[in-house]
$ cat model11.pdb   # PDB, C-alpha atoms
ATOM      1  CA  CYS L1232       0.000   0.000   0.000  1.00  0.00           C
ATOM      2  CA  VAL L1233       2.801   2.333   0.968  1.00  0.00           C
ATOM      3  CA  GLU L1234       4.829   1.270  -2.021  1.00  0.00           C
ATOM      4  CA  ALA L1235       1.780   1.916  -4.216  1.00  0.00           C
ATOM      5  CA  MET L1236       1.834   5.541  -3.165  1.00  0.00           C
ATOM      6  CA  ASN L1237       5.428   5.973  -4.267  1.00  0.00           C
ATOM      7  CA  GLY L1238       5.730   8.462  -7.074  1.00  0.00           C
ATOM      8  CA  ARG L1239       2.142   9.696  -6.882  1.00  0.00           C
ATOM      9  CA  PHE L1240       1.229  13.313  -6.425  1.00  0.00           C
ATOM     10  CA  TYR L1241       0.132  14.732  -3.096  1.00  0.00           C
ATOM     11  CA  ASP L1242      -1.055  18.295  -2.925  1.00  0.00           C
ATOM     12  CA  GLY L1243       0.286  18.818  -6.437  1.00  0.00           C
ATOM     13  CA  ARG L1244       3.699  17.519  -5.544  1.00  0.00           C
ATOM     14  CA  SER L1245       5.419  14.160  -6.158  1.00  0.00           C
ATOM     15  CA  ILE L1246       6.280  12.560  -2.842  1.00  0.00           C
ATOM     16  CA  ASP L1247       8.651   9.856  -1.757  1.00  0.00           C
ATOM     17  CA  ALA L1248       6.886   7.142   0.287  1.00  0.00           C
ATOM     18  CA  ASP L1249      10.064   5.375   1.356  1.00  0.00           C
ATOM     19  CA  VAL L1250      10.070   7.095   4.708  1.00  0.00           C
ATOM     20  CA  TYR L1251       7.219   6.376   7.079  1.00  0.00           C
ATOM     21  CA  ASP L1252       6.732   5.819  10.786  1.00  0.00           C
ATOM     22  CA  GLY L1253       5.392   2.297  10.738  1.00  0.00           C
ATOM     23  CA  HIS L1254       1.751   3.314  10.968  1.00  0.00           C
ATOM     24  CA  ARG L1255       1.358   4.044   7.263  1.00  0.00           C
ATOM     25  CA  LYS L1256       1.566   7.766   7.883  1.00  0.00           C
ATOM     26  CA  ARG L1257       3.268   9.400   4.994  1.00  0.00           C
ATOM     27  CA  ALA L1258       6.225  11.611   5.649  1.00  0.00           C
ATOM     28  CA  LEU L1259       5.861  14.871   3.709  1.00  0.00           C
ATOM     29  CA  PRO L1260       8.851  16.029   1.726  1.00  0.00           C
ATOM     30  CA  GLU L1261      11.226  18.490   3.343  1.00  0.00           C
ATOM     31  CA  GLY L1262      10.104  22.091   2.840  1.00  0.00           C
ATOM     32  CA  LEU L1263       6.382  21.374   2.657  1.00  0.00           C
ATOM     33  CA  ASP L1264       5.903  21.782   6.417  1.00  0.00           C
ATOM     34  CA  VAL L1265       7.853  25.041   6.257  1.00  0.00           C
ATOM     35  CA  GLU L1266       5.598  26.309   3.487  1.00  0.00           C
ATOM     36  CA  ARG L1267       2.464  25.318   5.400  1.00  0.00           C
ATOM     37  CA  ALA L1268       3.822  26.975   8.539  1.00  0.00           C
ATOM     38  CA  PHE L1269       4.450  30.114   6.499  1.00  0.00           C
ATOM     39  CA  ARG L1270       0.915  30.021   5.140  1.00  0.00           C
ATOM     40  CA  LEU L1271      -0.487  29.490   8.625  1.00  0.00           C
ATOM     41  CA  GLY L1272       1.617  32.327   9.990  1.00  0.00           C
ATOM     42  CA  SER L1273       0.408  34.611   7.224  1.00  0.00           C
ATOM     43  CA  LEU L1274      -3.178  33.659   7.965  1.00  0.00           C
ATOM     44  CA  VAL L1275      -2.685  34.349  11.679  1.00  0.00           C
ATOM     45  CA  GLU L1276      -1.127  37.724  10.892  1.00  0.00           C
ATOM     46  CA  GLU L1277      -4.018  38.589   8.587  1.00  0.00           C
ATOM     47  CA  ARG L1278      -6.559  37.671  11.257  1.00  0.00           C
ATOM     48  CA  GLN L1279      -4.672  39.634  13.915  1.00  0.00           C
ATOM     49  CA  ALA L1280      -4.502  42.621  11.574  1.00  0.00           C
ATOM     50  CA  ALA L1281      -8.244  42.323  10.939  1.00  0.00           C
ATOM     51  CA  ILE L1282      -8.920  42.184  14.698  1.00  0.00           C
ATOM     52  CA  LEU L1283      -6.741  45.250  15.288  1.00  0.00           C
ATOM     53  CA  ALA L1284      -8.484  47.058  12.448  1.00  0.00           C
ATOM     54  CA  ARG L1285     -11.905  46.277  13.934  1.00  0.00           C
ATOM     55  CA  GLU L1286     -10.740  47.429  17.363  1.00  0.00           C
ATOM     56  CA  GLU L1287      -9.367  50.650  15.900  1.00  0.00           C
ATOM     57  CA  GLU L1288     -12.607  51.199  14.013  1.00  0.00           C
ATOM     58  CA  ALA L1289     -14.553  50.606  17.228  1.00  0.00           C
ATOM     59  CA  ARG L1290     -12.382  53.144  19.066  1.00  0.00           C
ATOM     60  CA  THR L1291     -12.869  55.665  16.253  1.00  0.00           C
ATOM     61  CA  VAL L1292     -16.629  55.162  16.324  1.00  0.00           C
ATOM     62  CA  ALA L1293     -16.659  55.501  20.130  1.00  0.00           C
ATOM     63  CA  ALA L1294     -14.558  58.683  19.971  1.00  0.00           C
ATOM     64  CA  ALA L1295     -16.862  60.134  17.316  1.00  0.00           C
ATOM     65  CA  ALA L1296     -19.894  59.254  19.427  1.00  0.00           C
ATOM     66  CA  ALA L1297     -18.319  60.871  22.501  1.00  0.00           C
ATOM     67  CA  GLU L1298     -17.475  64.001  20.510  1.00  0.00           C
ATOM     68  CA  ALA L1299     -21.003  64.154  19.115  1.00  0.00           C
ATOM     69  CA  GLU L1300     -22.432  63.783  22.625  1.00  0.00           C
ATOM     70  CA  ALA L1301     -20.151  66.536  23.920  1.00  0.00           C
ATOM     71  CA  GLU L1302     -21.271  68.811  21.081  1.00  0.00           C
ATOM     72  CA  ARG L1303     -24.907  67.968  21.831  1.00  0.00           C
ATOM     73  CA  VAL L1304     -24.452  68.769  25.518  1.00  0.00           C
ATOM     74  CA  ALA L1305     -22.659  72.027  24.680  1.00  0.00           C
ATOM     75  CA  ALA L1306     -25.387  72.986  22.206  1.00  0.00           C
ATOM     76  CA  ALA L1307     -28.072  72.195  24.780  1.00  0.00           C
ATOM     77  CA  ALA L1308     -26.260  74.290  27.400  1.00  0.00           C
ATOM     78  CA  ALA L1309     -25.900  77.165  24.936  1.00  0.00           C
ATOM     79  CA  ALA L1310     -29.587  76.937  24.056  1.00  0.00           C
ATOM     80  CA  GLU L1311     -30.509  76.968  27.740  1.00  0.00           C
ATOM     81  CA  ALA L1312     -28.257  79.998  28.277  1.00  0.00           C
ATOM     82  CA  VAL L1313     -29.933  81.804  25.386  1.00  0.00           C
ATOM     83  CA  VAL L1314     -33.374  80.987  26.758  1.00  0.00           C
ATOM     84  CA  ALA L1315     -32.313  82.095  30.251  1.00  0.00           C
ATOM     85  CA  GLY L1316     -30.815  85.290  28.828  1.00  0.00           C
ATOM     86  CA  GLU L1317     -33.962  86.034  26.866  1.00  0.00           C
ATOM     87  CA  ALA L1318     -36.087  85.400  29.951  1.00  0.00           C
ATOM     88  CA  ALA L1319     -33.845  87.671  32.023  1.00  0.00           C
ATOM     89  CA  ALA L1320     -34.027  90.357  29.330  1.00  0.00           C
ATOM     90  CA  ARG L1321     -37.832  90.139  29.258  1.00  0.00           C
ATOM     91  CA  GLU L1322     -37.973  90.310  33.031  1.00  0.00           C
ATOM     92  CA  ALA L1323     -35.595  93.265  33.075  1.00  0.00           C
ATOM     93  CA  ALA L1324     -37.604  95.039  30.375  1.00  0.00           C
ATOM     94  CA  ALA L1325     -40.793  94.433  32.347  1.00  0.00           C
ATOM     95  CA  ALA L1326     -39.133  95.799  35.464  1.00  0.00           C
ATOM     96  CA  THR L1327     -38.013  98.878  33.554  1.00  0.00           C
ATOM     97  CA  ALA L1328     -41.523  99.417  32.267  1.00  0.00           C
ATOM     98  CA  ARG L1329     -42.962  99.162  35.788  1.00  0.00           C
ATOM     99  CA  VAL L1330     -40.490 101.513  37.475  1.00  0.00           C
ATOM    100  CA  ALA L1331     -39.032 104.739  36.133  1.00  0.00           C
ATOM    101  CA  LEU L1332     -37.598 107.934  37.524  1.00  0.00           C
ATOM    102  CA  PRO L1333     -40.558 109.920  38.810  1.00  0.00           C
ATOM    103  CA  GLU L1334     -41.775 113.102  37.193  1.00  0.00           C
ATOM    104  CA  LYS L1335     -40.638 116.379  38.780  1.00  0.00           C
ATOM    105  CA  ALA L1336     -37.481 114.680  40.054  1.00  0.00           C
ATOM    106  CA  TYR L1337     -34.338 116.795  39.804  1.00  0.00           C
ATOM    107  CA  VAL L1338     -31.539 115.323  37.708  1.00  0.00           C
ATOM    108  CA  LYS L1339     -28.061 116.323  36.648  1.00  0.00           C
ATOM    109  CA  ILE L1340     -26.913 115.692  33.081  1.00  0.00           C
ATOM    110  CA  ARG L1341     -23.662 113.763  32.693  1.00  0.00           C
ATOM    111  CA  GLY L1342     -21.687 111.915  30.007  1.00  0.00           C
ATOM    112  CA  LEU L1343     -23.562 113.515  27.094  1.00  0.00           C
ATOM    113  CA  LEU L1344     -21.523 113.327  23.871  1.00  0.00           C
ATOM    114  CA  SER L1345     -23.907 114.929  21.399  1.00  0.00           C
ATOM    115  CA  ARG L1346     -24.229 118.102  23.501  1.00  0.00           C
ATOM    116  CA  PRO L1347     -21.281 118.166  25.890  1.00  0.00           C
ATOM    117  CA  GLU L1348     -22.053 121.772  26.813  1.00  0.00           C
ATOM    118  CA  SER L1349     -25.161 120.482  28.623  1.00  0.00           C
ATOM    119  CA  ASN L1350     -23.171 118.225  30.949  1.00  0.00           C
ATOM    120  CA  GLY L1351     -23.443 119.460  34.522  1.00  0.00           C
ATOM    121  CA  SER L1352     -26.778 121.177  33.870  1.00  0.00           C
ATOM    122  CA  VAL L1353     -29.637 120.554  36.289  1.00  0.00           C
ATOM    123  CA  GLY L1354     -33.146 119.856  35.038  1.00  0.00           C
ATOM    124  CA  VAL L1355     -36.504 118.413  35.969  1.00  0.00           C
ATOM    125  CA  ILE L1356     -38.013 115.206  34.542  1.00  0.00           C
ATOM    126  CA  GLU L1357     -41.286 115.854  32.740  1.00  0.00           C
ATOM    127  CA  GLY L1358     -41.947 112.319  31.490  1.00  0.00           C
ATOM    128  CA  ARG L1359     -40.608 109.229  29.787  1.00  0.00           C
ATOM    129  CA  ASP L1360     -41.156 107.876  26.272  1.00  0.00           C
ATOM    130  CA  GLU L1361     -41.976 104.157  26.595  1.00  0.00           C
ATOM    131  CA  ALA L1362     -40.863 103.345  23.046  1.00  0.00           C
ATOM    132  CA  SER L1363     -37.390 104.881  23.231  1.00  0.00           C
ATOM    133  CA  GLY L1364     -36.930 104.742  27.014  1.00  0.00           C
ATOM    134  CA  ARG L1365     -35.703 108.352  26.980  1.00  0.00           C
ATOM    135  CA  TYR L1366     -36.633 110.906  29.616  1.00  0.00           C
ATOM    136  CA  THR L1367     -37.785 114.410  28.756  1.00  0.00           C
ATOM    137  CA  VAL L1368     -35.730 116.785  30.895  1.00  0.00           C
ATOM    138  CA  ARG L1369     -36.639 120.470  31.193  1.00  0.00           C
ATOM    139  CA  LEU L1370     -33.592 122.653  31.823  1.00  0.00           C
ATOM    140  CA  ARG L1371     -33.488 125.923  33.699  1.00  0.00           C
ATOM    141  CA  ASP L1372     -33.284 127.947  30.471  1.00  0.00           C
ATOM    142  CA  GLY L1373     -36.602 126.439  29.351  1.00  0.00           C
ATOM    143  CA  SER L1374     -35.154 124.050  26.744  1.00  0.00           C
ATOM    144  CA  ALA L1375     -35.961 120.343  26.832  1.00  0.00           C
ATOM    145  CA  LEU L1376     -33.817 117.309  26.022  1.00  0.00           C
ATOM    146  CA  ALA L1377     -34.718 113.651  25.459  1.00  0.00           C
ATOM    147  CA  LEU L1378     -32.031 111.756  27.349  1.00  0.00           C
ATOM    148  CA  LYS L1379     -31.144 108.181  28.238  1.00  0.00           C
ATOM    149  CA  LEU L1380     -31.034 107.050  31.841  1.00  0.00           C
ATOM    150  CA  ALA L1381     -27.246 106.623  31.581  1.00  0.00           C
ATOM    151  CA  ASN L1382     -26.934 110.388  31.084  1.00  0.00           C
ATOM    152  CA  LEU L1383     -28.924 111.294  34.194  1.00  0.00           C
ATOM    153  CA  LEU L1384     -27.960 111.476  37.849  1.00  0.00           C
ATOM    154  CA  GLN L1385     -30.946 111.753  40.144  1.00  0.00           C
ATOM    155  CA  MET L1386     -30.313 114.433  42.751  1.00  0.00           C
ATOM    156  CA  ALA L1387     -31.994 112.445  45.489  1.00  0.00           C
ATOM    157  CA  GLU L1388     -32.177 113.404  49.126  1.00  0.00           C
ATOM    158  CA  VAL L1389     -30.250 110.889  51.242  1.00  0.00           C
ATOM    159  CA  GLN L1390     -29.121 110.379  54.822  1.00  0.00           C
ATOM    160  CA  LEU L1391     -25.459 109.991  55.716  1.00  0.00           C
ATOM    161  CA  VAL L1392     -24.521 106.975  57.852  1.00  0.00           C
ATOM    162  CA  GLY L1393     -21.368 105.251  59.063  1.00  0.00           C
ATOM    163  CA  LEU L1394     -19.258 108.416  58.985  1.00  0.00           C
ATOM    164  CA  GLU L1395     -15.951 108.528  60.855  1.00  0.00           C
ATOM    165  CA  GLY L1396     -13.150 110.966  61.495  1.00  0.00           C
ATOM    166  CA  GLU L1397     -13.726 114.533  60.404  1.00  0.00           C
ATOM    167  CA  LEU L1398     -17.061 113.550  58.815  1.00  0.00           C
ATOM    168  CA  ALA L1399     -18.424 112.048  62.029  1.00  0.00           C
ATOM    169  CA  PRO L1400     -20.251 115.277  63.018  1.00  0.00           C
ATOM    170  CA  HIS L1401     -22.433 114.868  59.907  1.00  0.00           C
ATOM    171  CA  GLU L1402     -23.675 111.405  60.934  1.00  0.00           C
ATOM    172  CA  GLY L1403     -27.408 111.145  60.194  1.00  0.00           C
ATOM    173  CA  ALA L1404     -27.496 114.445  58.315  1.00  0.00           C
ATOM    174  CA  LEU L1405     -29.764 114.864  55.297  1.00  0.00           C
ATOM    175  CA  SER L1406     -28.049 115.868  52.072  1.00  0.00           C
ATOM    176  CA  THR L1407     -28.593 115.991  48.300  1.00  0.00           C
ATOM    177  CA  VAL L1408     -26.587 113.959  45.812  1.00  0.00           C
ATOM    178  CA  PHE L1409     -25.003 116.152  43.136  1.00  0.00           C
ATOM    179  CA  GLU L1410     -22.151 113.965  41.831  1.00  0.00           C
ATOM    180  CA  ARG L1411     -21.228 110.305  41.472  1.00  0.00           C
ATOM    181  CA  GLU L1412     -17.843 108.694  40.777  1.00  0.00           C
ATOM    182  CA  ASP L1413     -18.317 105.048  39.813  1.00  0.00           C
ATOM    183  CA  GLU L1414     -14.652 103.989  39.798  1.00  0.00           C
ATOM    184  CA  ALA L1415     -14.010 105.404  43.261  1.00  0.00           C
ATOM    185  CA  GLU L1416     -17.499 104.384  44.443  1.00  0.00           C
ATOM    186  CA  MET L1417     -18.037 107.829  45.900  1.00  0.00           C
ATOM    187  CA  TYR L1418     -20.907 110.315  45.994  1.00  0.00           C
ATOM    188  CA  GLY L1419     -20.603 114.054  46.158  1.00  0.00           C
ATOM    189  CA  VAL L1420     -23.361 115.359  48.464  1.00  0.00           C
ATOM    190  CA  GLU L1421     -24.423 118.817  49.554  1.00  0.00           C
ATOM    191  CA  LEU L1422     -25.457 119.304  53.171  1.00  0.00           C
ATOM    192  CA  ARG L1423     -28.364 121.478  54.200  1.00  0.00           C
ATOM    193  CA  GLY L1424     -25.981 124.230  55.179  1.00  0.00           C
ATOM    194  CA  GLY L1425     -24.424 124.299  51.704  1.00  0.00           C
ATOM    195  CA  GLN L1426     -21.264 122.379  52.562  1.00  0.00           C
ATOM    196  CA  SER L1427     -20.188 119.690  50.075  1.00  0.00           C
ATOM    197  CA  VAL L1428     -18.525 116.439  51.137  1.00  0.00           C
ATOM    198  CA  ALA L1429     -17.509 113.193  49.443  1.00  0.00           C
ATOM    199  CA  VAL L1430     -18.813 109.946  50.934  1.00  0.00           C
ATOM    200  CA  GLY L1431     -18.726 106.296  49.924  1.00  0.00           C
ATOM    201  CA  PHE L1432     -21.625 104.431  48.361  1.00  0.00           C
ATOM    202  CA  SER L1433     -22.128 102.502  51.600  1.00  0.00           C
ATOM    203  CA  GLN L1434     -22.391 105.740  53.600  1.00  0.00           C
ATOM    204  CA  VAL L1435     -25.548 106.878  51.858  1.00  0.00           C
ATOM    205  CA  LEU L1436     -28.967 105.700  53.035  1.00  0.00           C
ATOM    206  CA  VAL L1437     -31.735 106.196  50.485  1.00  0.00           C
ATOM    207  CA  PRO L1438     -35.190 106.714  52.053  1.00  0.00           C
ATOM    208  CA  ASP L1439     -38.091 104.319  51.441  1.00  0.00           C
ATOM    209  CA  GLY L1440     -40.009 105.114  48.278  1.00  0.00           C
ATOM    210  CA  ALA L1441     -37.023 106.753  46.585  1.00  0.00           C
ATOM    211  CA  HIS L1442     -35.910 105.768  43.089  1.00  0.00           C
ATOM    212  CA  GLY L1443     -32.406 104.827  42.049  1.00  0.00           C
ATOM    213  CA  VAL L1444     -30.314 102.866  39.568  1.00  0.00           C
ATOM    214  CA  VAL L1445     -29.252  99.325  40.511  1.00  0.00           C
ATOM    215  CA  ALA L1446     -25.496  98.695  40.402  1.00  0.00           C
ATOM    216  CA  GLY L1447     -22.923  96.198  41.629  1.00  0.00           C
ATOM    217  CA  LEU L1448     -25.070  93.050  41.667  1.00  0.00           C
ATOM    218  CA  GLN L1449     -23.173  89.801  41.033  1.00  0.00           C
ATOM    219  CA  SER L1450     -25.723  86.975  41.250  1.00  0.00           C
ATOM    220  CA  ALA L1451     -28.427  88.968  39.447  1.00  0.00           C
ATOM    221  CA  SER L1452     -26.341  91.183  37.176  1.00  0.00           C
ATOM    222  CA  GLN L1453     -29.189  91.471  34.645  1.00  0.00           C
ATOM    223  CA  TYR L1454     -30.759  94.072  36.937  1.00  0.00           C
ATOM    224  CA  ASN L1455     -27.705  96.346  36.981  1.00  0.00           C
ATOM    225  CA  GLY L1456     -28.479  99.638  35.260  1.00  0.00           C
ATOM    226  CA  LEU L1457     -32.230  99.406  35.852  1.00  0.00           C
ATOM    227  CA  VAL L1458     -34.310 101.881  37.781  1.00  0.00           C
ATOM    228  CA  ALA L1459     -35.644 100.528  41.064  1.00  0.00           C
ATOM    229  CA  ARG L1460     -37.831 101.837  43.845  1.00  0.00           C
ATOM    230  CA  VAL L1461     -36.709 101.374  47.448  1.00  0.00           C
ATOM    231  CA  LEU L1462     -39.368  99.504  49.434  1.00  0.00           C
ATOM    232  CA  GLU L1463     -37.627  99.347  52.779  1.00  0.00           C
ATOM    233  CA  TYR L1464     -34.218  99.270  54.403  1.00  0.00           C
ATOM    234  CA  ASP L1465     -33.121  96.377  56.615  1.00  0.00           C
ATOM    235  CA  ALA L1466     -30.347  97.523  58.921  1.00  0.00           C
ATOM    236  CA  ALA L1467     -29.546  93.905  59.854  1.00  0.00           C
TER     237      ALA L1467
END
$ encode --input "model11.pdb" --output "structure tokens"
Amino acid sequence: CVEAMNGRFYDGRSIDADVYDGHRKRALPEGLDVERAFRLGSLVEERQAAILAREEEARTVAAAAAEAEAERVAAAAAAEAVVAGEAAAREAAAATARVALPEKAYVKIRGLLSRPESNGSVGVIEGRDEASGRYTVRLRDGSALALKLANLLQMAEVQLVGLEGELAPHEGALSTVFEREDEAEMYGVELRGGQSVAVGFSQVLVPDGAHGVVAGLQSASQYNGLVARVLEYDAA
């Protein structure tokens, strides 16, 4: 049987059947095992490469999904911020419409660029245009100007508190605001006797019912710059 196989072709190759292990197992010619091992190694490398490619593709897909989710979250947060900003703007506009500087209040013109010669002039508020938000201010010479709130300083009557040093004798005195310095956070006030002094923002107590402009808020900054009416003062 073994001899009958001698000279025949196996796997396209002529083999020599003289060498066998006694159990009729044919010994393959030298080099064939090496070739098969090479083929097997190539197949293993191809499969490993395919596995690595699939893993890389999976990582790429996961990274793209994570990036898309991050963009979605950012877009949602931006949309919420826009909605919150619009709501705050509507609320601020409604607050502005409800409260305005009262008529017949004395104001001082400041920061006017179109008519700088009017800066420092004192006038009286005659009304407010709801559409433009400008106040009609009647000056002492009889002329009238339509001015923005930012160009007006209300000359409100206030009480001085927390004074020390040379200003201590004026503690509790009533005075009229005639100047404001935002950077220094100081008011210029005129006492009943005509004397002028400079005091800090925190040293001025505005009476209940008075109107003023909100400033310096951190947690509710959307209200800064709006006119507000003082309801009450809590000394605590």
$ resolve_selection --input "model11.pdb" --expression "the PyMOL selection byres ((chain L and resi 1354) around 9)" --output "MDAnalysis selection string"
chainID L and resid 1336:1340 1352:1353 1355:1356 1368:1371 1375
$ atom_distance --input "model11.pdb" --atom1 "atom CA of L:Asp1360" --atom2 "atom CA of L:Glu1348"
23.6 Å
$ atom_distance --input "model11.pdb" --atom1 "atom CA of L:Leu1405" --atom2 "atom CA of L:Val1430"
12.8 Å
$ residues_around --input "model11.pdb" --residues "stretch 1435-1452 of chain L" --least-positions-apart "2" --cutoff "10 Å" --atoms "only C-alpha atoms" --output "mmCIF file with C-alpha atoms, keeping the file's coordinate frame"
data_model
loop_
_atom_site.group_PDB
_atom_site.id
_atom_site.type_symbol
_atom_site.label_atom_id
_atom_site.label_comp_id
_atom_site.auth_asym_id
_atom_site.auth_seq_id
_atom_site.Cartn_x
_atom_site.Cartn_y
_atom_site.Cartn_z
ATOM 1 C CA ALA L 1319 -33.845 87.671 32.023
ATOM 2 C CA VAL L 1330 -40.490 101.513 37.475
ATOM 3 C CA ALA L 1331 -39.032 104.739 36.133
ATOM 4 C CA LEU L 1332 -37.598 107.934 37.524
ATOM 5 C CA PRO L 1333 -40.558 109.920 38.810
ATOM 6 C CA ALA L 1336 -37.481 114.680 40.054
ATOM 7 C CA LEU L 1380 -31.034 107.050 31.841
ATOM 8 C CA ALA L 1381 -27.246 106.623 31.581
ATOM 9 C CA LEU L 1384 -27.960 111.476 37.849
ATOM 10 C CA GLN L 1385 -30.946 111.753 40.144
ATOM 11 C CA MET L 1386 -30.313 114.433 42.751
ATOM 12 C CA ALA L 1387 -31.994 112.445 45.489
ATOM 13 C CA GLU L 1388 -32.177 113.404 49.126
ATOM 14 C CA VAL L 1389 -30.250 110.889 51.242
ATOM 15 C CA GLN L 1390 -29.121 110.379 54.822
ATOM 16 C CA LEU L 1391 -25.459 109.991 55.716
ATOM 17 C CA VAL L 1392 -24.521 106.975 57.852
ATOM 18 C CA GLY L 1393 -21.368 105.251 59.063
ATOM 19 C CA LEU L 1394 -19.258 108.416 58.985
ATOM 20 C CA GLY L 1403 -27.408 111.145 60.194
ATOM 21 C CA LEU L 1405 -29.764 114.864 55.297
ATOM 22 C CA SER L 1406 -28.049 115.868 52.072
ATOM 23 C CA VAL L 1408 -26.587 113.959 45.812
ATOM 24 C CA ASP L 1413 -18.317 105.048 39.813
ATOM 25 C CA MET L 1417 -18.037 107.829 45.900
ATOM 26 C CA TYR L 1418 -20.907 110.315 45.994
ATOM 27 C CA VAL L 1420 -23.361 115.359 48.464
ATOM 28 C CA VAL L 1430 -18.813 109.946 50.934
ATOM 29 C CA GLY L 1431 -18.726 106.296 49.924
ATOM 30 C CA PHE L 1432 -21.625 104.431 48.361
ATOM 31 C CA SER L 1433 -22.128 102.502 51.600
ATOM 32 C CA TYR L 1454 -30.759 94.072 36.937
ATOM 33 C CA ASN L 1455 -27.705 96.346 36.981
ATOM 34 C CA GLY L 1456 -28.479 99.638 35.260
ATOM 35 C CA LEU L 1457 -32.230 99.406 35.852
ATOM 36 C CA VAL L 1458 -34.310 101.881 37.781
ATOM 37 C CA ALA L 1459 -35.644 100.528 41.064
ATOM 38 C CA ARG L 1460 -37.831 101.837 43.845
ATOM 39 C CA VAL L 1461 -36.709 101.374 47.448
ATOM 40 C CA LEU L 1462 -39.368 99.504 49.434
ATOM 41 C CA GLU L 1463 -37.627 99.347 52.779
ATOM 42 C CA TYR L 1464 -34.218 99.270 54.403
#
$ closest_residue --input "model11.pdb" --among "L:Ala1305, L:Leu1378, L:Val1313, L:Ala1293" --to "L:Leu1344" --atoms "all atoms listed in the file"
L:Leu1378
$ residues_near_point --input "model11.pdb" --point "(-17.2, 115.7, 42.2)" --cutoff "10 Å" --atoms "all atoms listed in the file" --output "list in words"
Phe1409, Glu1410, Arg1411, Glu1412, Met1417, Tyr1418, Gly1419, Val1420, Ser1427, Val1428 and Ala1429 of chain L
$ atom_distance --input "model11.pdb" --atom1 "atom CA of L:Leu1274" --atom2 "atom CA of L:Val1292"
26.7 Å
$ axis_aligned_box --input "model11.pdb" --around "stretch 1287-1298 of chain L" --padding-each-side "3 Å" --output "AutoDock Vina command-line options"
--center_x -14.6 --center_y 57.3 --center_z 18.3 --size_x 16.5 --size_y 19.4 --size_z 14.5
